[in-house]
Amino acid sequence: MIGVDNVKEFQVICIDMFQTLVNIYTRRNFIWQRILGEEYSLELQELYGQQLDRQIFEKFHIHISESKEFFNLKSIFEIYFSQIFKENNLSYEAKKAAEIFTGEHGYAVPYEDTEMFLDIVGKKYPICLVSDADFNMVAPLLKKFKFDKVFISEEVRAYKKDSENKMFKKVLEYYGVEPGRILHIGDSSSDIIGASNLGISTCWINRHDYKLKSDVEPTYKVKTLIEVLSILGIEVDNNINIGIKYA
């Protein structure tokens, strides 16, 4: 672990979007209600949701790290939904389901500490977004959050954990600072591995008590963005009211 005395040397803060700044779980019901229509039930949502999670677990790393061709997330999830619908003998349209799934991400609810974190840290550091996402997934959220720069996989045509480290190389090229002077905050192994591969300092935010699926140890581990403030040497009044102000 890097000592707190050194954190004042950070020059840039990078941050992930989903499950770091906003909670996609808040859109789960909306996603499956739109996909299943009149046949929607919590039981079917749970069943198909688990199957989708399995598809992601078994195949996503292949699409983002082993494929020589870039596929945006909508295309990838169309494949997953097609397989789920085939396995369950369902007649739903996979392309439409993928559009719904990715589109609903843009309306995920911010976590309670998000607004305060971006406001306080943004006054001291440039904050850039680094997100494995399609444009439609983040477009509504970019109207609510202010970033110094945005790096989105559909634009860069690479994911955080790709074999060439293209996403984080773009970050380093843009800011022109030493990797260790950048702190990247994210919730996934892709965040930690991708950034660490180039020497970028990492902070794993584990809001939902996950197990990190990575042999690479993050520089810092936190459960909230409030904890990151202390890592950055920023003192915060404990009486500050933290609340969601976004619709």
# chains A, B, ... in the order shown; residues from 1 in each chain; ligands from 1

$ select_by_dssp --residues "stretch 7-129 of chain A" --states "helix (DSSP H, G or I)" --output "ChimeraX atom specification"
/A:7-9,24-39,42-66,73-87,94-105,114-122

$ write_last_selection --atoms "C-alpha atoms" --output "CSV table (one decimal), in the first residue's frame"
chain,number,residue,atom,x,y,z
A,7,VAL,CA,-1.3,10.8,-2.1
A,8,LYS,CA,-0.9,14.6,-2.3
A,9,GLU,CA,1.2,13.9,-5.4
A,24,ILE,CA,-27.3,-0.2,-12.2
A,25,TYR,CA,-29.3,-2.4,-9.8
A,26,THR,CA,-31.8,0.4,-9.6
A,27,ARG,CA,-32.8,-0.2,-13.2
A,28,ARG,CA,-33.0,-4.0,-13.0
A,29,ASN,CA,-36.8,-4.1,-12.7
A,30,PHE,CA,-37.2,-1.6,-15.5
A,31,ILE,CA,-35.0,-3.6,-17.8
A,32,TRP,CA,-36.8,-6.8,-17.5
A,33,GLN,CA,-40.3,-5.3,-17.4
A,34,ARG,CA,-39.5,-3.7,-20.8
A,35,ILE,CA,-38.0,-6.8,-22.2
A,36,LEU,CA,-40.7,-9.3,-21.0
A,37,GLY,CA,-43.7,-7.0,-21.3
A,38,GLU,CA,-47.0,-8.6,-20.0
A,39,GLU,CA,-45.1,-11.8,-19.2
A,42,LEU,CA,-40.0,-11.3,-10.4
A,43,GLU,CA,-39.4,-15.0,-10.8
A,44,LEU,CA,-38.6,-14.7,-14.5
A,45,GLN,CA,-36.5,-11.7,-13.9
A,46,GLU,CA,-34.4,-13.7,-11.4
A,47,LEU,CA,-34.2,-16.7,-13.7
A,48,TYR,CA,-33.2,-14.8,-16.9
A,49,GLY,CA,-31.0,-12.4,-14.9
A,50,GLN,CA,-29.0,-15.3,-13.5
A,51,GLN,CA,-28.6,-16.7,-17.0
A,52,LEU,CA,-27.4,-13.4,-18.3
A,53,ASP,CA,-24.8,-13.2,-15.4
A,54,ARG,CA,-23.6,-16.7,-16.5
A,55,GLN,CA,-23.2,-15.6,-20.1
A,56,ILE,CA,-21.2,-12.5,-19.0
A,57,PHE,CA,-19.0,-14.6,-16.6
A,58,GLU,CA,-18.3,-17.3,-19.2
A,59,LYS,CA,-17.9,-15.2,-22.4
A,60,PHE,CA,-17.3,-11.5,-21.7
A,61,HIS,CA,-13.5,-11.8,-21.1
A,62,ILE,CA,-13.2,-13.5,-24.6
A,63,HIS,CA,-15.0,-10.6,-26.3
A,64,ILE,CA,-12.9,-7.9,-24.7
A,65,SER,CA,-9.5,-9.5,-24.5
A,66,GLU,CA,-9.1,-12.3,-27.0
A,73,LEU,CA,-21.6,-3.7,-25.7
A,74,LYS,CA,-24.9,-3.7,-27.4
A,75,SER,CA,-23.6,-6.2,-30.0
A,76,ILE,CA,-22.1,-8.3,-27.2
A,77,PHE,CA,-25.3,-8.4,-25.2
A,78,GLU,CA,-27.3,-9.1,-28.3
A,79,ILE,CA,-25.4,-12.4,-28.5
A,80,TYR,CA,-26.0,-13.2,-24.8
A,81,PHE,CA,-29.8,-12.4,-25.0
A,82,SER,CA,-30.0,-14.5,-28.2
A,83,GLN,CA,-28.6,-17.5,-26.4
A,84,ILE,CA,-30.8,-17.0,-23.4
A,85,PHE,CA,-34.0,-16.7,-25.5
A,86,LYS,CA,-32.9,-19.8,-27.5
A,87,GLU,CA,-32.3,-21.9,-24.3
A,94,ALA,CA,-32.4,-10.2,-28.9
A,95,LYS,CA,-31.4,-6.9,-30.6
A,96,LYS,CA,-34.3,-5.0,-28.9
A,97,ALA,CA,-33.4,-6.6,-25.5
A,98,ALA,CA,-29.8,-5.5,-25.9
A,99,GLU,CA,-30.9,-1.9,-26.8
A,100,ILE,CA,-33.1,-1.8,-23.7
A,101,PHE,CA,-30.4,-3.3,-21.4
A,102,THR,CA,-27.7,-0.8,-22.5
A,103,GLY,CA,-30.1,2.1,-22.7
A,104,GLU,CA,-31.4,1.7,-19.2
A,105,HIS,CA,-27.9,2.1,-17.8
A,114,THR,CA,-21.4,10.6,-5.7
A,115,GLU,CA,-22.4,14.2,-5.9
A,116,MET,CA,-20.4,15.3,-2.9
A,117,PHE,CA,-17.3,13.4,-4.1
A,118,LEU,CA,-17.3,14.9,-7.6
A,119,ASP,CA,-17.9,18.4,-6.2
A,120,ILE,CA,-15.2,18.3,-3.6
A,121,VAL,CA,-12.5,16.4,-5.6
A,122,GLY,CA,-13.3,18.2,-8.8

$ residues_around --residues "A:Trp204" --least-positions-apart "3" --cutoff "8 Å" --atoms "only C-alpha atoms" --output "JSON, numbers by chain"
{"A": [185, 186, 187, 188, 191, 192, 218, 219, 220, 221, 222]}

$ write_last_selection --atoms "N, CA and C atoms" --output "CSV table (one decimal), in the first residue's frame"
chain,number,residue,atom,x,y,z
A,185,ILE,N,-10.2,4.9,-9.9
A,185,ILE,CA,-11.2,4.3,-9.0
A,185,ILE,C,-12.2,3.5,-9.7
A,186,GLY,N,-12.4,2.2,-9.4
A,186,GLY,CA,-13.4,1.4,-10.1
A,186,GLY,C,-13.8,0.2,-9.2
A,187,ASP,N,-14.8,-0.5,-9.7
A,187,ASP,CA,-15.4,-1.6,-8.9
A,187,ASP,C,-15.0,-3.0,-9.4
A,188,SER,N,-14.4,-3.1,-10.6
A,188,SER,CA,-14.2,-4.4,-11.2
A,188,SER,C,-12.7,-4.8,-11.3
A,191,ASP,N,-10.9,-2.8,-14.0
A,191,ASP,CA,-10.4,-1.5,-13.5
A,191,ASP,C,-9.0,-1.6,-12.9
A,192,ILE,N,-8.9,-2.6,-12.0
A,192,ILE,CA,-7.6,-2.8,-11.3
A,192,ILE,C,-6.5,-3.3,-12.2
A,218,PRO,N,-5.0,-4.1,-5.7
A,218,PRO,CA,-5.2,-2.7,-5.8
A,218,PRO,C,-4.4,-1.9,-4.8
A,219,THR,N,-4.0,-0.7,-5.1
A,219,THR,CA,-3.3,0.1,-4.2
A,219,THR,C,-4.1,0.4,-3.0
A,220,TYR,N,-5.4,0.7,-3.2
A,220,TYR,CA,-6.3,1.0,-2.0
A,220,TYR,C,-7.5,0.2,-2.2
A,221,LYS,N,-8.2,0.0,-1.1
A,221,LYS,CA,-9.5,-0.7,-1.1
A,221,LYS,C,-10.4,0.2,-0.2
A,222,VAL,N,-11.6,0.5,-0.7
A,222,VAL,CA,-12.6,1.2,0.0
A,222,VAL,C,-14.0,0.7,-0.2

$ closest_residue --among "A:His208, A:Lys161, A:Lys169, A:Arg181" --to "A:Pro126" --atoms "only C-alpha atoms"
A:Arg181

$ residues_around --residues "A:Ser153" --least-positions-apart "3" --cutoff "12 Å" --atoms "only C-alpha atoms" --output "NGL selection string"
:A and (16 or 64 or 70-74 or 129-138 or 150 or 156-162 or 165-168 or 170)

$ atom_distance --atom1 "atom CA of A:Tyr107" --atom2 "atom CA of A:Lys146"
16.0 Å

$ atom_distance --atom1 "atom CA of A:Cys128" --atom2 "atom CA of A:Lys223"
20.4 Å

$ select_by_dssp --residues "stretch 126-239 of chain A" --states "strand (DSSP E or B)" --output "number ranges by chain"
A: 127-131, 149-152, 182-186, 201-205, 220-222

$ residues_around --residues "A:Phe10" --least-positions-apart "4" --cutoff "10 Å" --atoms "only C-alpha atoms" --output "MDAnalysis selection string"
chainID A and resid 6 125 177:183 201 232

$ write_last_selection --atoms "C-alpha atoms" --output "PDB file, in the first residue's frame"
ATOM      1  CA  ASN A   6       2.209  10.316  -0.965  1.00  0.00           C
ATOM      2  CA  TYR A 125      -8.103  17.580  -9.396  1.00  0.00           C
ATOM      3  CA  VAL A 177       1.795  12.698 -16.399  1.00  0.00           C
ATOM      4  CA  GLU A 178       3.581   9.812 -14.727  1.00  0.00           C
ATOM      5  CA  PRO A 179       1.281   6.773 -14.279  1.00  0.00           C
ATOM      6  CA  GLY A 180       1.754   6.780 -10.518  1.00  0.00           C
ATOM      7  CA  ARG A 181       0.406  10.335 -10.381  1.00  0.00           C
ATOM      8  CA  ILE A 182      -2.981   9.096 -11.618  1.00  0.00           C
ATOM      9  CA  LEU A 183      -5.466   7.388  -9.299  1.00  0.00           C
ATOM     10  CA  SER A 201      -2.413   3.722  -8.948  1.00  0.00           C
ATOM     11  CA  LEU A 232      -6.465  12.169  -1.146  1.00  0.00           C
TER      12      LEU A 232
END

$ atom_distance --atom1 "atom CA of A:Gln19" --atom2 "atom CA of A:Ser189"
12.6 Å
